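The block underneath contains the structure these notes are about, expressed in structure tokens.
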Amino acid sequence: MYPESSLQQNHIYFENTYAFTVMTQVIDAGTSEHGDWLTLQDNIFHPQGGGQPGDTGTVDEVAVRPFRDPQATEHVVRLSCERTFTVGDTVSSTVDANARRRHAALHTCGHVVDGFVRALGFRHRVSNHFPGQARIEFDAGEQKPDLARLAADVEERSRKAIEDDRKVFAREQDGLRIIGIDGMHEDPCGGTHVESLGQLAGFSLRSLKVKGGVLKVGYTVEHA
Ligand SMILES: [Zn+2]
């Protein structure tokens, strides 16, 4: 029995990437071998997962770090913190806005690059949206692509999609959160995203190479 499973958290970061501050209530709190933690009713913190770094921020000006409660049956995000909080407290929570914007830009751009490389016949393996090391990996199989041409093609298509300011949308299907970009593929995803691709700036491919049957496509982008 995990009491957390009965918690109904409102995950604001799913609905609004740009909700950086919210007043809310502490609905659970405790101590583990890793230290003190709390759970907020309205949650604006994205925990690390899906290749995206976790947010950082504060609750009543105390630094916190989100992590997913692995034992909860629902999606419950706890915040590790350096002092104890009391259930029922009303607190002010704030997420680091610059990091949030950067992560959302890198993550959304990952969908763009992923979509265009997949459209060329490569199967997605894994994504990494960390600043400075963002890359998507695909099965190259027996393919021996012209790498310079492939890079130019993916870069041009991605630039065009950004120029066109395509909209990013979320919808729910069978209990899954599905993320799509107008005119492109849709994918189940729990990350944070920009609202439309015009919010991406300075996009370029960092690298594109095949090694051991894996196509690795590195990219960089900022939030406008
Ligand atoms: Zn996503």
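Here, A, B, ... name the chains of the structure tokens in the order displayed, residue numbers run from 1 inside each chain, and ligands are numbered from 1 in the same displayed order.
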For chain A against ligand 1, with a cut-off of 6 Å and counting only C-alpha atoms and all ligand atoms, what is the closest atom pair and its distance in Å to one decimal for every residue that makes the cut, ordered by chain and number, as CSV?
```
residue,atom,partner,partner_atom_place_in_ligand_line,distance
A:His107,CA,ligand 1,1 (Zn),5.9
A:Thr108,CA,ligand 1,1 (Zn),5.9
A:Cys189,CA,ligand 1,1 (Zn),4.7
A:Gly191,CA,ligand 1,1 (Zn),4.7
```
Write out, as a short mmCIF file (atom, residue, chain, number, x, y, z; two decimals), in the first residue's frame, the residues just selected, with C-alpha atoms.
```
data_model
loop_
_atom_site.label_atom_id
_atom_site.label_comp_id
_atom_site.auth_asym_id
_atom_site.auth_seq_id
_atom_site.Cartn_x
_atom_site.Cartn_y
_atom_site.Cartn_z
CA HIS A 107 13.02 18.70 -26.43
CA THR A 108 10.64 20.10 -29.06
CA CYS A 189 5.50 12.09 -24.57
CA GLY A 191 8.10 16.30 -21.62
#
```
Where does range 178-218 of chain A meet range 151-155 of chain A within 8 Å, residue by residue, with the nearest atom pair and distance in Å to one decimal for each, counting only C-alpha atoms, listed by chain and rising number, as JSON lines?
```
{"residue": "A:Ser204", "atom": "CA", "partner": "A:Glu155", "partner_atom": "CA", "distance": 6.8}
{"residue": "A:Leu205", "atom": "CA", "partner": "A:Glu155", "partner_atom": "CA", "distance": 6.4}
{"residue": "A:Leu208", "atom": "CA", "partner": "A:Ala151", "partner_atom": "CA", "distance": 6.3}
```
Exercise. For Arg125 in chain A, please output as a PyMOL selection string all residues within 9 Å (counting only C-alpha atoms; exclusion window: fewer than 6 positions along the same chain).
Key: chain A and resi 136-139+214
Quiz item: Which of range 63-118 of chain A counts as strand (DSSP E) under DSSP, as a PyMOL selection string please?
Solution: chain A and resi 63-68+77-81+90-95
For C-alpha atoms, I'd like the residues from the last selection saved as a CSV table (one decimal), in the first residue's frame.
```csv
chain,number,residue,atom,x,y,z
A,63,ALA,CA,15.9,24.8,-3.4
A,64,VAL,CA,14.0,21.7,-4.6
A,65,ARG,CA,14.6,19.0,-7.2
A,66,PRO,CA,11.8,16.9,-8.6
A,67,PHE,CA,11.8,13.2,-8.9
A,68,ARG,CA,9.2,10.7,-9.8
A,77,VAL,CA,6.2,14.1,-8.7
A,78,ARG,CA,7.9,14.6,-5.4
A,79,LEU,CA,10.4,17.4,-4.6
A,80,SER,CA,13.5,16.7,-2.6
A,81,CYS,CA,14.2,19.7,-0.3
A,90,THR,CA,0.2,26.9,1.4
A,91,VAL,CA,3.5,27.6,-0.4
A,92,SER,CA,4.9,29.5,-3.4
A,93,SER,CA,6.7,27.3,-5.9
A,94,THR,CA,8.9,28.6,-8.7
A,95,VAL,CA,10.7,26.8,-11.5
```
Quiz item: Using only C-alpha atoms, which residues sit within 8 Å of Ala105 in chain A once same-chain residues fewer than 2 positions away are excluded, as a PyMOL selection string?
Solution: chain A and resi 101-103+107-109+193-194+199-200+221-223
Quiz prompt | A:Gln9, A:Ser32, A:Thr192, A:Gln52 ranked by distance to Ile178 in chain A, top pick (using only C-alpha atoms) | solution =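 Selected residue with least distance to Ile178 in chain A: A:Thr192.
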Practice problem: Find the residues around range 156-163 of chain A up to 12 Å (only C-alpha atoms counted), leave out those fewer than 4 positions away in its own chain, and share them as a PyMOL selection string. | Solution: chain A and resi 105+108-117+119-120+149-152+167-168+181-184+194-205+219-221+223-224
Quiz prompt | Nearest candidate to Arg177 in chain A (options A:Asp42, A:Glu15, A:Thr84, A:Gly49; using only C-alpha atoms) | solution = A:Glu15
Exercise. Would you please give, as an NGL selection string, all residues of range 14-220 of chain A that DSSP assigns to helix (DSSP H, G or I) based on the backbone?
Key: :A and (14-15 or 97-119 or 147-163 or 197-199)
Quiz item: With only C-alpha atoms as the atoms that count, which of A:Pro131, A:Pro188, A:Gly180, A:Gly121 lies nearest to Leu215 in chain A?
Solution: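 For Leu215 in chain A, the nearest of the candidates is A:Gly121.
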Quiz item: Pick from A:Asp96, A:Asp60, A:Glu142, A:Glu74: nearest to Gly175 in chain A, with only C-alpha atoms counted?
Solution: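 Of A:Asp96, A:Asp60, A:Glu142, A:Glu74, the one nearest Gly175 in chain A is A:Glu74, counting only C-alpha atoms.
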Self-check item: Two-atom distance - CA of Gly218 in chain A, CA of Ala134 in chain A (Å)
Solution: 5.7 Å
